[in-house]
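> Sharing a structure with you now.
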Amino acid sequence: MASVKFFTNNPFHENTYIVYDETGECAIIDPGMETASEQNVVVNFIKSNNLKPVLLLNTHCHIDHVLGNKFIFDMYGLKPQFNKGELDLLDAVIAYAPTMGVNYDPSPLPDVYLPETGMVTFGNTTLTLIFAPGHSPAHLCFYDEKDNILIGGDVLFDGSIGRTDLPGGNYEQLIKNIEEKLFTLPDHCTVYPGHGPSTTIGYEKNNNPFFN
């Protein structure tokens, strides 16, 4: 059974996720650590739970979700995996990070790009890829069907949705993807978003003001 641990990092209050199971293998998703203290908290959790990081995944490549990519590569030898449609966003971070006063070590580039549909696996856990652009051009969500959890990035939030006013954003596309790809998941599926508290598909279907 997969377990989820999250850490809120950087000035954007981004949620960095570690998904792990009884094998001890884990996936690090959207590492947003900017400072040494943020890095230490993540490393200490991995150490104290005897976890072995085997995957580094990015839902998308906005600055707050990739700040820790280089650190994770240096620490565990993992290169990020994301959909190739996010590459321009990642390239852009180098130029705009200083204007935001954020310390960014450039991320390594993937050896493996994730497709729009398919799966990634580690330990006894399978994550199904859900392609849900709208907040960013090639955003992926990661769905664990067995444990009914969704690492959703910046698509669907508790009572809100991802911003669509950034480069590559598209409001109509985001709404359509949420309705057709996320709201078709089971109502009791737990959604772990890129910012803020977790929620469920059923709660958002019934209460999210963007759909009611």
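Residues are referred to by chain and number: the chain letter is A, B, ... according to the order shown in the structure tokens, the number counts from 1 in that chain, and ligands are numbered separately from 1 in the order shown.
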Report as a tab-separated table the residues of segment 59-89 of chain A within 6 Å of segment 105-119 of chain A, each with its shortest atom pair and distance in Å (one decimal), using only C-alpha atoms, ordered by chain and increasing residue number.

```
residue	atom	partner	partner_atom	distance
A:Asn69	CA	A:Ser107	CA	5.3
A:Lys70	CA	A:Ser107	CA	4.8
A:Lys79	CA	A:Pro110	CA	5.5
A:Pro80	CA	A:Pro110	CA	5.3
A:Gln81	CA	A:Tyr113	CA	5.5
A:Phe82	CA	A:Leu114	CA	5.1
A:Asn83	CA	A:Leu114	CA	4.7
A:Lys84	CA	A:Tyr113	CA	5.8
```
> As a PyMOL selection string, please: every residue in segment 115-197 of chain A that a backbone DSSP assignment puts in helix (DSSP H, G or I).
chain A and resi 171-182
> For the selection just defined, write its residues with N, CA and C atoms to a file, as a PDB file, in the first residue's frame.

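Dumped everything to out-v7.pdb:
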```pdb
ATOM      1  N   TYR A 171      -7.709  28.430 -19.896  1.00  0.00           N
ATOM      2  CA  TYR A 171      -8.800  28.199 -18.944  1.00  0.00           C
ATOM      3  C   TYR A 171      -9.778  27.125 -19.434  1.00  0.00           C
ATOM      4  N   GLU A 172     -10.232  27.245 -20.674  1.00  0.00           N
ATOM      5  CA  GLU A 172     -11.228  26.290 -21.192  1.00  0.00           C
ATOM      6  C   GLU A 172     -10.655  24.871 -21.206  1.00  0.00           C
ATOM      7  N   GLN A 173      -9.389  24.777 -21.576  1.00  0.00           N
ATOM      8  CA  GLN A 173      -8.734  23.470 -21.630  1.00  0.00           C
ATOM      9  C   GLN A 173      -8.628  22.861 -20.225  1.00  0.00           C
ATOM     10  N   LEU A 174      -8.298  23.690 -19.233  1.00  0.00           N
ATOM     11  CA  LEU A 174      -8.165  23.195 -17.863  1.00  0.00           C
ATOM     12  C   LEU A 174      -9.509  22.688 -17.337  1.00  0.00           C
ATOM     13  N   ILE A 175     -10.549  23.469 -17.518  1.00  0.00           N
ATOM     14  CA  ILE A 175     -11.886  23.071 -17.055  1.00  0.00           C
ATOM     15  C   ILE A 175     -12.301  21.751 -17.705  1.00  0.00           C
ATOM     16  N   LYS A 176     -12.079  21.654 -19.018  1.00  0.00           N
ATOM     17  CA  LYS A 176     -12.456  20.443 -19.761  1.00  0.00           C
ATOM     18  C   LYS A 176     -11.701  19.221 -19.241  1.00  0.00           C
ATOM     19  N   ASN A 177     -10.388  19.388 -18.988  1.00  0.00           N
ATOM     20  CA  ASN A 177      -9.598  18.256 -18.504  1.00  0.00           C
ATOM     21  C   ASN A 177     -10.020  17.823 -17.111  1.00  0.00           C
ATOM     22  N   ILE A 178     -10.349  18.778 -16.250  1.00  0.00           N
ATOM     23  CA  ILE A 178     -10.816  18.417 -14.910  1.00  0.00           C
ATOM     24  C   ILE A 178     -12.124  17.650 -15.007  1.00  0.00           C
ATOM     25  N   GLU A 179     -13.037  18.152 -15.824  1.00  0.00           N
ATOM     26  CA  GLU A 179     -14.353  17.502 -15.935  1.00  0.00           C
ATOM     27  C   GLU A 179     -14.251  16.119 -16.562  1.00  0.00           C
ATOM     28  N   GLU A 180     -13.421  15.991 -17.607  1.00  0.00           N
ATOM     29  CA  GLU A 180     -13.405  14.743 -18.374  1.00  0.00           C
ATOM     30  C   GLU A 180     -12.396  13.715 -17.852  1.00  0.00           C
ATOM     31  N   LYS A 181     -11.325  14.191 -17.187  1.00  0.00           N
ATOM     32  CA  LYS A 181     -10.281  13.252 -16.773  1.00  0.00           C
ATOM     33  C   LYS A 181     -10.171  13.064 -15.266  1.00  0.00           C
ATOM     34  N   LEU A 182     -10.489  14.101 -14.485  1.00  0.00           N
ATOM     35  CA  LEU A 182     -10.383  13.967 -13.029  1.00  0.00           C
ATOM     36  C   LEU A 182     -11.741  13.649 -12.393  1.00  0.00           C
TER      37      LEU A 182
END
```
> Taking into account only C-alpha atoms, which residue in the set A:Ser37, A:Ser136, A:Thr126, A:Asn206 is nearest to Pro167 of chain A?
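Among the listed residues, A:Ser136 lies closest to Pro167 of chain A.
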> Give me, as a PyMOL selection string, the residues of chain A that a backbone DSSP run labels strand (DSSP E).
chain A and resi 3-9+14-20+25-29+52-57+80-81+119-122+125-131+140-144+149-153+156-157+160-161+190-193+199-200
> Using the selection just defined, write its residues with C-alpha atoms as a short mmCIF file (atom, residue, chain, number, x, y, z; two decimals), in the first residue's frame.

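Below is the file that was written, again_25.cif:
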```
data_model
loop_
_atom_site.label_atom_id
_atom_site.label_comp_id
_atom_site.auth_asym_id
_atom_site.auth_seq_id
_atom_site.Cartn_x
_atom_site.Cartn_y
_atom_site.Cartn_z
CA SER A 3 1.80 6.15 1.63
CA VAL A 4 2.06 9.87 0.91
CA LYS A 5 4.15 12.42 2.78
CA PHE A 6 4.30 16.07 1.80
CA PHE A 7 6.44 19.06 2.72
CA THR A 8 5.47 22.66 2.01
CA ASN A 9 8.44 24.50 0.53
CA GLU A 14 4.48 24.46 -2.88
CA ASN A 15 3.81 20.88 -1.79
CA THR A 16 6.69 18.47 -2.39
CA TYR A 17 5.55 14.83 -2.29
CA ILE A 18 7.19 11.55 -1.40
CA VAL A 19 5.13 8.49 -2.34
CA TYR A 20 6.44 5.23 -0.91
CA GLU A 25 11.17 2.39 -2.73
CA CYS A 26 9.82 5.89 -3.22
CA ALA A 27 9.09 8.51 -5.86
CA ILE A 28 9.87 12.17 -5.21
CA ILE A 29 7.34 14.37 -6.99
CA LYS A 52 15.22 4.39 -1.43
CA PRO A 53 14.38 7.13 -3.96
CA VAL A 54 14.08 5.57 -7.41
CA LEU A 55 12.03 8.15 -9.37
CA LEU A 56 12.03 11.94 -9.66
CA LEU A 57 8.81 13.15 -11.29
CA PRO A 80 13.59 14.34 -13.55
CA GLN A 81 10.91 12.81 -15.72
CA MET A 119 2.32 4.31 -16.32
CA VAL A 120 5.35 4.66 -14.09
CA THR A 121 6.11 2.04 -11.45
CA PHE A 122 8.26 1.68 -8.38
CA THR A 125 3.14 0.87 -6.77
CA THR A 126 1.82 1.85 -10.19
CA LEU A 127 1.07 5.46 -11.07
CA THR A 128 -1.13 6.05 -14.11
CA LEU A 129 -0.36 9.18 -16.13
CA ILE A 130 -3.24 11.61 -16.65
CA PHE A 131 -2.47 14.34 -19.19
CA LEU A 140 0.64 15.43 -15.88
CA CYS A 141 -1.18 14.09 -12.83
CA PHE A 142 -0.17 10.79 -11.23
CA TYR A 143 -2.99 8.43 -10.20
CA ASP A 144 -2.55 5.39 -7.97
CA ILE A 149 -4.81 8.73 -4.59
CA LEU A 150 -3.99 11.44 -7.11
CA ILE A 151 -0.87 13.59 -7.03
CA GLY A 152 -2.49 16.39 -8.96
CA GLY A 153 0.00 19.23 -9.29
CA LEU A 156 -7.42 20.98 -9.08
CA PHE A 157 -7.21 22.51 -5.60
CA SER A 160 -10.18 26.17 -6.64
CA ILE A 161 -8.29 25.35 -9.84
CA THR A 190 -7.93 11.70 -2.39
CA VAL A 191 -6.40 14.58 -4.35
CA TYR A 192 -3.00 15.84 -3.21
CA PRO A 193 -2.54 19.22 -4.94
CA THR A 199 -9.33 17.16 -0.93
CA THR A 200 -11.43 14.52 -2.69
#
```
> Find the spatial neighbours of Glu86 of chain A, counting only C-alpha atoms, within a cut-off of 8 Å - ignore same-chain residues fewer than 4 positions away - and output them as a list of chain:residue names.
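Final neighbour list, sorted by chain and number: A:His60, A:Cys61, A:Phe82, A:Leu90, A:Ser136, A:Pro137, A:Ala138, A:His139.
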> Would you output that residue set with N, CA, C and O atoms, as a CSV table (one decimal), in the first residue's frame?

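Below is the file that was written, again33.csv:
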```csv
chain,number,residue,atom,x,y,z
A,60,HIS,N,4.7,19.3,-13.7
A,60,HIS,CA,5.0,20.4,-14.7
A,60,HIS,C,6.2,21.1,-14.2
A,60,HIS,O,6.8,20.8,-13.2
A,61,CYS,N,6.6,22.1,-15.0
A,61,CYS,CA,8.0,22.7,-14.8
A,61,CYS,C,8.0,24.2,-14.5
A,61,CYS,O,8.9,24.9,-14.8
A,82,PHE,N,9.3,14.2,-17.0
A,82,PHE,CA,8.1,14.9,-17.2
A,82,PHE,C,7.8,14.9,-18.7
A,82,PHE,O,8.5,14.3,-19.4
A,90,LEU,N,10.7,24.8,-18.4
A,90,LEU,CA,11.9,24.5,-17.6
A,90,LEU,C,13.1,25.4,-18.1
A,90,LEU,O,13.8,26.0,-17.2
A,136,SER,N,-0.5,24.5,-17.3
A,136,SER,CA,0.7,24.5,-18.1
A,136,SER,C,0.5,23.7,-19.3
A,136,SER,O,-0.4,22.9,-19.4
A,137,PRO,N,1.4,23.8,-20.3
A,137,PRO,CA,1.2,23.2,-21.6
A,137,PRO,C,1.1,21.7,-21.7
A,137,PRO,O,0.4,21.1,-22.5
A,138,ALA,N,1.7,21.0,-20.8
A,138,ALA,CA,1.8,19.5,-20.9
A,138,ALA,C,1.8,18.9,-19.5
A,138,ALA,O,2.5,18.0,-19.1
A,139,HIS,N,0.9,19.4,-18.6
A,139,HIS,CA,0.8,19.0,-17.2
A,139,HIS,C,0.4,17.6,-17.1
A,139,HIS,O,-0.6,17.1,-17.7
```
